[in-house]
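Chemist: What follows is the file structure25.cif, containing mmCIF, C-alpha atoms:
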data_data
#
loop_
_atom_site.label_atom_id
_atom_site.label_comp_id
_atom_site.auth_asym_id
_atom_site.auth_seq_id
_atom_site.Cartn_x
_atom_site.Cartn_y
_atom_site.Cartn_z
CA MET A 1260 -34.17 -83.46 -25.53
CA GLU A 1261 -33.05 -81.03 -28.21
CA ALA A 1262 -30.64 -78.15 -27.61
CA LEU A 1263 -33.32 -75.66 -28.54
CA ASP A 1264 -35.70 -77.00 -25.89
CA LEU A 1265 -32.95 -76.87 -23.28
CA ALA A 1266 -32.13 -73.29 -24.23
CA GLY A 1267 -35.82 -72.38 -23.99
CA LEU A 1268 -36.10 -74.00 -20.58
CA LEU A 1269 -33.03 -72.20 -19.21
CA LEU A 1270 -34.17 -68.88 -20.65
CA ILE A 1271 -37.72 -69.06 -19.33
CA GLY A 1272 -36.34 -70.18 -15.95
CA PHE A 1273 -34.09 -67.16 -15.80
CA PHE A 1274 -36.90 -64.75 -16.68
CA ALA A 1275 -39.27 -66.39 -14.19
CA GLY A 1276 -36.68 -65.86 -11.46
CA MET A 1277 -36.05 -62.30 -12.57
CA LEU A 1278 -39.78 -61.52 -12.41
CA GLY A 1279 -39.90 -63.17 -8.99
CA GLY A 1280 -37.08 -61.04 -7.65
CA LEU A 1281 -38.44 -57.87 -9.17
CA VAL A 1282 -42.06 -58.09 -8.00
CA GLY A 1283 -42.07 -60.77 -5.30
CA VAL A 1284 -43.94 -63.60 -6.99
CA GLY A 1285 -42.79 -67.21 -7.25
CA GLY A 1286 -42.51 -67.39 -11.04
CA GLY A 1287 -45.04 -70.19 -11.49
CA VAL A 1288 -46.80 -68.12 -14.13
CA LEU A 1289 -43.78 -68.77 -16.42
CA PHE A 1290 -42.54 -72.10 -15.00
CA VAL A 1291 -45.74 -74.00 -15.78
CA PRO A 1292 -45.98 -73.09 -19.50
CA GLY A 1293 -42.19 -73.52 -19.81
CA LEU A 1294 -42.32 -77.08 -18.49
CA VAL A 1295 -45.32 -77.94 -20.68
CA ILE A 1296 -43.84 -76.47 -23.87
CA PHE A 1297 -40.15 -77.40 -23.60
CA LEU A 1298 -40.30 -80.65 -21.59
CA GLY A 1299 -43.73 -81.89 -22.64
CA GLU A 1300 -44.90 -82.34 -19.05
CA SER A 1301 -48.61 -82.70 -18.36
CA GLN A 1302 -50.36 -79.72 -16.75
CA LEU A 1303 -50.52 -81.49 -13.37
CA GLU A 1304 -46.88 -82.58 -13.47
CA ALA A 1305 -45.82 -79.10 -14.54
CA GLU A 1306 -47.67 -77.57 -11.58
CA GLY A 1307 -45.99 -79.92 -9.10
CA THR A 1308 -42.55 -79.39 -10.62
CA SER A 1309 -43.10 -75.63 -10.81
CA LEU A 1310 -43.89 -75.53 -7.08
CA LEU A 1311 -40.52 -77.10 -6.24
CA ALA A 1312 -38.71 -74.65 -8.54
CA MET A 1313 -40.64 -71.84 -6.79
CA VAL A 1314 -39.21 -72.98 -3.45
CA PHE A 1315 -35.66 -72.39 -4.79
CA VAL A 1316 -36.58 -68.95 -6.12
CA ALA A 1317 -38.50 -67.89 -3.01
CA VAL A 1318 -35.86 -69.01 -0.51
CA VAL A 1319 -32.96 -67.39 -2.37
CA GLY A 1320 -34.98 -64.24 -3.09
CA ALA A 1321 -36.17 -63.87 0.51
CA VAL A 1322 -32.64 -64.36 1.89
CA ARG A 1323 -31.31 -61.83 -0.60
CA GLN A 1324 -34.00 -59.28 0.30
CA GLY A 1325 -33.22 -59.96 3.95
CA GLY A 1326 -29.66 -58.89 3.22
CA TYR A 1327 -30.97 -55.64 1.75
CA GLY A 1328 -33.12 -55.10 4.87
CA ASN A 1329 -36.40 -55.75 3.05
CA LEU A 1330 -37.71 -58.81 4.84
CA ARG A 1331 -40.18 -59.10 7.73
CA LEU A 1332 -39.64 -62.76 8.31
CA ARG A 1333 -42.22 -63.24 11.03
CA ASP A 1334 -45.03 -61.73 8.95
CA GLY A 1335 -44.01 -63.79 5.94
CA LEU A 1336 -44.01 -67.00 7.93
CA VAL A 1337 -47.44 -66.20 9.43
CA VAL A 1338 -48.90 -65.60 5.94
CA GLY A 1339 -47.31 -68.81 4.65
CA ALA A 1340 -48.32 -70.94 7.62
CA LEU A 1341 -51.98 -69.86 7.37
CA SER A 1342 -52.29 -70.51 3.65
CA PRO A 1343 -53.39 -74.17 4.07
CA ILE A 1344 -56.63 -72.80 5.61
CA GLY A 1345 -57.13 -70.97 2.34
CA VAL A 1346 -56.36 -74.06 0.29
CA ALA A 1347 -59.02 -75.97 2.26
CA ALA A 1348 -61.47 -73.08 1.85
CA GLY A 1349 -60.69 -73.02 -1.87
CA THR A 1350 -61.54 -76.70 -2.16
CA VAL A 1351 -64.90 -76.11 -0.45
CA LEU A 1352 -65.57 -73.12 -2.73
CA ALA A 1353 -64.63 -75.09 -5.84
CA ASN A 1354 -67.18 -77.75 -4.92
CA ASN A 1355 -70.02 -75.34 -4.14
CA VAL A 1356 -69.63 -72.32 -6.38
CA PRO A 1357 -69.58 -72.42 -10.21
CA GLU A 1358 -66.02 -72.07 -11.55
CA ARG A 1359 -67.02 -69.16 -13.77
CA THR A 1360 -68.34 -67.21 -10.78
CA LEU A 1361 -65.08 -67.77 -8.89
CA GLN A 1362 -62.98 -66.71 -11.87
CA VAL A 1363 -64.96 -63.49 -12.33
CA CYS A 1364 -64.90 -62.68 -8.59
CA PHE A 1365 -61.14 -63.15 -8.33
CA ALA A 1366 -60.49 -61.26 -11.55
CA VAL A 1367 -62.48 -58.34 -10.10
CA LEU A 1368 -60.42 -58.53 -6.89
CA GLN A 1369 -57.21 -58.44 -8.93
CA LEU A 1370 -58.42 -55.45 -10.94
CA TYR A 1371 -59.31 -53.67 -7.70
CA LEU A 1372 -55.81 -54.30 -6.32
CA ALA A 1373 -54.30 -53.17 -9.65
CA TYR A 1374 -56.28 -49.93 -9.37
CA GLY A 1375 -54.96 -49.35 -5.83
CA LEU A 1376 -51.35 -49.95 -6.85
CA ALA A 1377 -51.66 -47.84 -10.02
CA ARG A 1378 -53.09 -44.93 -8.01
CA ARG A 1379 -50.24 -45.25 -5.54
CA ALA A 1380 -47.64 -45.38 -8.34
CA LEU A 1381 -49.05 -42.22 -9.94
CA ARG A 1382 -49.73 -40.31 -6.75
CA SER A 1383 -46.39 -39.59 -5.17
CA PRO A 1384 -42.74 -40.31 -5.84
CA THR A 1385 -41.86 -40.01 -2.13
CA PRO A 1386 -42.01 -43.33 -0.32
CA SER A 1387 -42.25 -43.01 3.46
CA ARG A 1388 -39.82 -45.76 4.37
CA GLY A 1389 -39.96 -47.04 7.91
CA ALA A 1390 -42.89 -44.81 8.80
CA ASN A 1391 -45.07 -47.79 9.55
CA GLY A 1392 -42.51 -50.13 11.05
CA MET B 1462 -56.00 -61.72 18.16
CA SER B 1463 -54.53 -58.33 17.27
CA GLU B 1464 -55.83 -56.56 14.19
CA ARG B 1465 -52.41 -56.84 12.60
CA LEU B 1466 -52.34 -60.59 13.05
CA ALA B 1467 -55.93 -60.83 11.80
CA ARG B 1468 -54.95 -59.01 8.61
CA LEU B 1469 -51.96 -61.31 8.06
CA ALA B 1470 -54.32 -64.25 8.57
CA VAL B 1471 -56.71 -62.93 5.92
CA ILE B 1472 -53.82 -62.40 3.48
CA GLY B 1473 -52.51 -65.92 4.09
CA THR B 1474 -55.96 -67.42 3.64
CA LEU B 1475 -56.61 -65.50 0.40
CA ALA B 1476 -53.20 -66.54 -0.93
CA GLY B 1477 -54.08 -70.14 -0.18
CA VAL B 1478 -57.46 -69.84 -1.89
CA PHE B 1479 -55.81 -68.40 -5.00
CA SER B 1480 -53.10 -71.02 -5.23
CA GLY B 1481 -55.52 -73.84 -4.45
CA LEU B 1482 -58.17 -72.77 -6.97
CA PHE B 1483 -56.18 -71.39 -9.85
CA GLY B 1484 -52.63 -72.66 -9.40
CA ILE B 1485 -51.49 -69.03 -9.22
CA GLY B 1486 -48.78 -68.45 -6.66
CA GLY B 1487 -50.06 -66.46 -3.72
CA GLY B 1488 -47.70 -63.62 -4.63
CA THR B 1489 -50.25 -61.88 -6.83
CA VAL B 1490 -52.41 -61.18 -3.76
CA ILE B 1491 -49.79 -61.10 -0.99
CA VAL B 1492 -47.72 -58.23 -2.43
CA PRO B 1493 -50.60 -55.79 -3.14
CA LEU B 1494 -52.34 -56.54 0.17
CA LEU B 1495 -49.15 -55.99 2.19
CA ILE B 1496 -48.68 -52.65 0.41
CA LEU B 1497 -52.26 -51.37 0.39
CA TRP B 1498 -53.54 -52.85 3.62
CA MET B 1499 -50.51 -53.05 5.91
CA ALA B 1500 -48.59 -49.99 4.76
CA TYR B 1501 -45.57 -51.97 3.59
CA GLY B 1502 -43.06 -50.38 1.24
CA GLU B 1503 -42.77 -52.13 -2.15
CA ARG B 1504 -39.38 -53.71 -1.47
CA GLU B 1505 -40.42 -55.00 1.95
CA ALA B 1506 -43.64 -56.38 0.50
CA THR B 1507 -41.84 -58.35 -2.22
CA GLY B 1508 -39.19 -59.70 0.18
CA THR B 1509 -41.79 -60.75 2.73
CA SER B 1510 -43.99 -62.24 0.00
CA LEU B 1511 -41.11 -64.45 -1.13
CA ALA B 1512 -40.72 -65.80 2.43
CA ALA B 1513 -44.44 -66.63 2.52
CA ILE B 1514 -44.25 -68.25 -0.94
CA ALA B 1515 -41.33 -70.42 0.20
CA VAL B 1516 -43.62 -71.92 2.88
CA ILE B 1517 -46.70 -72.16 0.62
CA ALA B 1518 -44.80 -73.71 -2.29
CA ALA B 1519 -42.92 -76.16 -0.06
CA LEU B 1520 -46.20 -77.41 1.47
CA ALA B 1521 -47.89 -77.66 -1.92
CA ALA B 1522 -44.88 -79.30 -3.58
CA GLY B 1523 -44.84 -81.86 -0.77
CA ALA B 1524 -48.50 -82.65 -1.41
CA HIS B 1525 -47.89 -82.98 -5.18
CA ALA B 1526 -44.85 -85.20 -4.53
CA LEU B 1527 -47.09 -87.67 -2.66
CA TYR B 1528 -48.96 -88.15 -5.94
CA GLY B 1529 -45.76 -88.42 -7.97
CA ASN B 1530 -46.26 -85.11 -9.74
CA VAL B 1531 -42.86 -83.57 -8.98
CA ASP B 1532 -39.97 -84.08 -11.41
CA LEU B 1533 -36.82 -83.22 -9.46
CA VAL B 1534 -34.49 -83.11 -12.47
CA ALA B 1535 -36.85 -80.84 -14.39
CA ALA B 1536 -37.28 -78.62 -11.30
CA LEU B 1537 -33.50 -78.21 -11.15
CA MET B 1538 -33.21 -77.55 -14.89
CA ILE B 1539 -35.69 -74.68 -14.74
CA GLY B 1540 -35.06 -73.72 -11.11
CA LEU B 1541 -31.28 -73.20 -11.24
CA PRO B 1542 -31.39 -70.56 -13.99
CA ALA B 1543 -34.31 -69.08 -12.04
CA VAL B 1544 -32.07 -68.69 -8.99
CA GLY B 1545 -29.70 -66.69 -11.20
CA GLY B 1546 -32.72 -64.70 -12.35
CA VAL B 1547 -33.95 -63.94 -8.86
CA LEU B 1548 -30.50 -62.68 -7.85
CA ALA B 1549 -30.53 -60.38 -10.87
CA GLY B 1550 -34.13 -59.33 -10.24
CA THR B 1551 -33.63 -58.42 -6.59
CA ALA B 1552 -30.43 -56.52 -7.43
CA LEU B 1553 -32.27 -54.61 -10.18
CA GLN B 1554 -35.15 -53.87 -7.81
CA GLN B 1555 -32.83 -52.04 -5.40
CA ARG B 1556 -31.89 -49.65 -8.22
CA ILE B 1557 -35.35 -48.60 -9.40
CA PRO B 1558 -37.88 -46.38 -7.59
CA GLU B 1559 -40.20 -48.30 -5.24
CA ARG B 1560 -43.27 -46.88 -6.98
CA ALA B 1561 -42.10 -48.45 -10.25
CA VAL B 1562 -42.58 -51.85 -8.61
CA SER B 1563 -46.22 -50.93 -7.89
CA ALA B 1564 -46.68 -49.86 -11.50
CA VAL B 1565 -45.23 -53.12 -12.89
CA PHE B 1566 -47.33 -55.10 -10.43
CA ALA B 1567 -50.53 -53.29 -11.43
CA ALA B 1568 -49.88 -54.28 -15.05
CA LEU B 1569 -49.20 -57.88 -13.99
CA LEU B 1570 -52.50 -58.02 -12.07
CA VAL B 1571 -54.47 -56.72 -15.05
CA ALA B 1572 -52.87 -59.36 -17.28
CA SER B 1573 -53.60 -62.06 -14.70
CA ALA B 1574 -57.23 -60.94 -14.34
CA VAL B 1575 -57.71 -61.01 -18.12
CA ALA B 1576 -56.13 -64.49 -18.33
CA LEU B 1577 -58.43 -65.71 -15.54
CA VAL B 1578 -61.60 -64.61 -17.31
CA LEU B 1579 -60.66 -65.60 -20.88
#
Would you kindly transcribe this structure into structure tokens?
Modeler:
Amino acid sequence: MEALDLAGLLLIGFFAGMLGGLVGVGGGVLFVPGLVIFLGESQLEAEGTSLLAMVFVAVVGAVRQGGYGNLRLRDGLVVGALSPIGVAAGTVLANNVPERTLQVCFAVLQLYLAYGLARRALRSPTPSRGANG
Amino acid sequence: MSERLARLAVIGTLAGVFSGLFGIGGGTVIVPLLILWMAYGEREATGTSLAAIAVIAALAAGAHALYGNVDLVAALMIGLPAVGGVLAGTALQQRIPERAVSAVFAALLVASAVALVL
């Protein structure tokens, strides 16, 4: 492995973690291409490896946010524990609905959520913290 | 089942569908749904999302490991700098307005939607 590849890997890892901490995602969106480009892993191998790296990021990030008072652990664990139902449902969907249809449907859902968040961001600068505890 | 629990169940299921179908971490749906649907503040939503992702990713990584698709050394090489990154990212997040997180996330969702369709 060349020094340049190592540097690229470390750099993309850092930015993936930074994105994860900033917006609460796992960083897989950067890990997977990073592992493919700089380590030459296959797509499948990169996805598996990325998931393990995401565990490190998510655990450390959640603990850190817990320290800042920004973690509702029980809710997070409920969401996480129920996700295998979704994975199973996704497998059924993938086998019965054309991939293109699924991609378009989920892209529309993401755009709808983006619209909601953008409206919220523009609407008011006064967050009502704790109002919905 | 309380309505609250039902909503968490829907969010967890959707996150699972996303990660199962497209290999996208559930975070792209968990964070906006916690904010828009459960009246979470941005910081709480991201912290809670990370806890959920820890569970989802651990389960999925375990499944991939059974098929020999997890490279531990590579995961450490990219994951250790990422731990440094997440410490920096969470620290930075405490210093910016909560609404800015929503704005960044909206942009991320648009980019993800475009990537999904292209």
Chemist: Kindly extract all protein, DNA and RNA residues lying within 7 Å of the coordinates (-35.5, -70.2, -7.6) given in the file, considering all atoms listed in the file, and supply them as a PyMOL selection string.
Modeler: (chain A and resi 1276+1312-1317+1319) or (chain B and resi 1540-1541+1543-1544+1547)
Chemist: To test your reading of the syntax: which residues would the PyMOL selection byres ((chain A and resi 1370-1374) around 7) return for the file shown? Reply as a list in words.
Modeler: Ala1366, Val1367, Leu1368, Gln1369, Gly1375, Leu1376, Ala1377 and Arg1378 of chain A; Pro1493, Ala1567, Leu1570, Val1571 and Ala1574 of chain B
Chemist: I need the chosen residues saved as a JSON list (two decimals), in the frame of the given file, with C-alpha atoms.
Modeler:
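Saved to part.json:
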[["chain", "number", "residue", "atom", "x", "y", "z"],
["A", 1366, "ALA", "CA", -60.49, -61.26, -11.55],
["A", 1367, "VAL", "CA", -62.48, -58.34, -10.10],
["A", 1368, "LEU", "CA", -60.42, -58.53, -6.89],
["A", 1369, "GLN", "CA", -57.21, -58.44, -8.93],
["A", 1375, "GLY", "CA", -54.96, -49.35, -5.83],
["A", 1376, "LEU", "CA", -51.35, -49.95, -6.85],
["A", 1377, "ALA", "CA", -51.66, -47.84, -10.02],
["A", 1378, "ARG", "CA", -53.09, -44.93, -8.01],
["B", 1493, "PRO", "CA", -50.60, -55.79, -3.14],
["B", 1567, "ALA", "CA", -50.53, -53.29, -11.43],
["B", 1570, "LEU", "CA", -52.50, -58.02, -12.07],
["B", 1571, "VAL", "CA", -54.47, -56.72, -15.05],
["B", 1574, "ALA", "CA", -57.23, -60.94, -14.34]]
Chemist: Could you state which residues are captured by the PyMOL selection byres ((chain B and resi 1471) around 12) in this file, as a count of residues only?
Modeler: 30
Chemist: I'd like the interatomic distance between atom CA of B:Ile1539 and atom CA of B:Ala1526, to a tenth of an Å.
Modeler: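 Straight-line distance from atom CA of B:Ile1539 to atom CA of B:Ala1526 works out to 17.3 Å.
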Chemist: So, with all atoms listed in the file as the atoms that count, which of A:Val1351, A:Gly1272, A:Arg1382, A:Ala1305 lies closest to chain B?
Modeler: A:Gly1272
Chemist: Of the residues B:Val1531, B:Ala1524, B:Ile1496, B:Ile1557, which is the one nearest to chain A, using all atoms listed in the file?
Modeler: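 Nearest to chain A: B:Val1531.
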Chemist: Need the shell around B:Arg1504: protein/DNA/RNA residues with any atom at most 10 Å away, counting all atoms listed in the file. Skip same-chain ones fewer than 4 positions apart. Format as a ChimeraX atom specification?
Modeler: /A:1280-1283,1324,1327-1330,1388 /B:1492,1496,1508-1510,1551,1554-1555,1558-1560,1562-1563
Chemist: So which one's closest to chain B, A:Ala1266, A:Leu1289, A:Leu1361, A:Met1277? Using all atoms listed in the file, please.
Modeler: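 Counting all atoms listed in the file, the residue closest to chain B is A:Met1277.
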Chemist: Which residue, B:Leu1520, B:Leu1569, B:Ala1500, B:Ala1513, has the smallest gap to A:Arg1333 when you use all atoms listed in the file?
Modeler: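 Among B:Leu1520, B:Leu1569, B:Ala1500, B:Ala1513, it is B:Ala1513 that comes nearest to A:Arg1333.
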Chemist: If you measure from atom CA of B:Ala1576 to atom CA of A:Glu1300, what distance in Å do you get, rounded to one decimal?
Modeler: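 That distance, rounded to one decimal, is 21.1 Å.
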Chemist: Just checking: using all atoms listed in the file, which residue out of A:Gly1335, A:Gly1299, A:Leu1263, A:Gly1286 ends up closest to chain B?
Modeler: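 That would be A:Gly1335, the residue with the smallest distance to chain B.
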Chemist: Check the smallest atom-to-atom distance from each of B:Ala1572, B:Leu1482, B:Leu1527, B:Val1534 to chain A using all atoms listed in the file, then report the winner.
Modeler: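 Going through B:Ala1572, B:Leu1482, B:Leu1527, B:Val1534 one by one, the smallest distance to chain A is for B:Leu1482.
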Chemist: One decimal, Å: what's the distance from atom CA of A:Ala1321 over to atom CA of A:Leu1269, could you say?
Modeler: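 Rounded to one decimal, the two atoms are 21.6 Å apart.
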Chemist: Kindly resolve the PyMOL selection byres ((chain A and resi 1295) around 12) on the present coordinates and return the residues as a PDB file with C-alpha atoms, in the coordinates of the input.
Modeler:
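Printed below is out_17.pdb as written:
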ATOM      1  CA  ASP A1264     -35.700 -77.000 -25.890  1.00  0.00           C
ATOM      2  CA  GLY A1267     -35.820 -72.380 -23.990  1.00  0.00           C
ATOM      3  CA  LEU A1268     -36.100 -74.000 -20.580  1.00  0.00           C
ATOM      4  CA  ILE A1271     -37.720 -69.060 -19.330  1.00  0.00           C
ATOM      5  CA  VAL A1288     -46.800 -68.120 -14.130  1.00  0.00           C
ATOM      6  CA  LEU A1289     -43.780 -68.770 -16.420  1.00  0.00           C
ATOM      7  CA  PHE A1290     -42.540 -72.100 -15.000  1.00  0.00           C
ATOM      8  CA  VAL A1291     -45.740 -74.000 -15.780  1.00  0.00           C
ATOM      9  CA  PRO A1292     -45.980 -73.090 -19.500  1.00  0.00           C
ATOM     10  CA  GLY A1293     -42.190 -73.520 -19.810  1.00  0.00           C
ATOM     11  CA  LEU A1294     -42.320 -77.080 -18.490  1.00  0.00           C
ATOM     12  CA  ILE A1296     -43.840 -76.470 -23.870  1.00  0.00           C
ATOM     13  CA  PHE A1297     -40.150 -77.400 -23.600  1.00  0.00           C
ATOM     14  CA  LEU A1298     -40.300 -80.650 -21.590  1.00  0.00           C
ATOM     15  CA  GLY A1299     -43.730 -81.890 -22.640  1.00  0.00           C
ATOM     16  CA  GLU A1300     -44.900 -82.340 -19.050  1.00  0.00           C
ATOM     17  CA  SER A1301     -48.610 -82.700 -18.360  1.00  0.00           C
ATOM     18  CA  GLN A1302     -50.360 -79.720 -16.750  1.00  0.00           C
ATOM     19  CA  LEU A1303     -50.520 -81.490 -13.370  1.00  0.00           C
ATOM     20  CA  GLU A1304     -46.880 -82.580 -13.470  1.00  0.00           C
ATOM     21  CA  ALA A1305     -45.820 -79.100 -14.540  1.00  0.00           C
ATOM     22  CA  GLU A1306     -47.670 -77.570 -11.580  1.00  0.00           C
ATOM     23  CA  GLY A1307     -45.990 -79.920  -9.100  1.00  0.00           C
ATOM     24  CA  THR A1308     -42.550 -79.390 -10.620  1.00  0.00           C
ATOM     25  CA  SER A1309     -43.100 -75.630 -10.810  1.00  0.00           C
TER      26      SER A1309
ATOM     27  CA  ALA B1535     -36.850 -80.840 -14.390  1.00  0.00           C
ATOM     28  CA  ILE B1539     -35.690 -74.680 -14.740  1.00  0.00           C
TER      29      ILE B1539
END
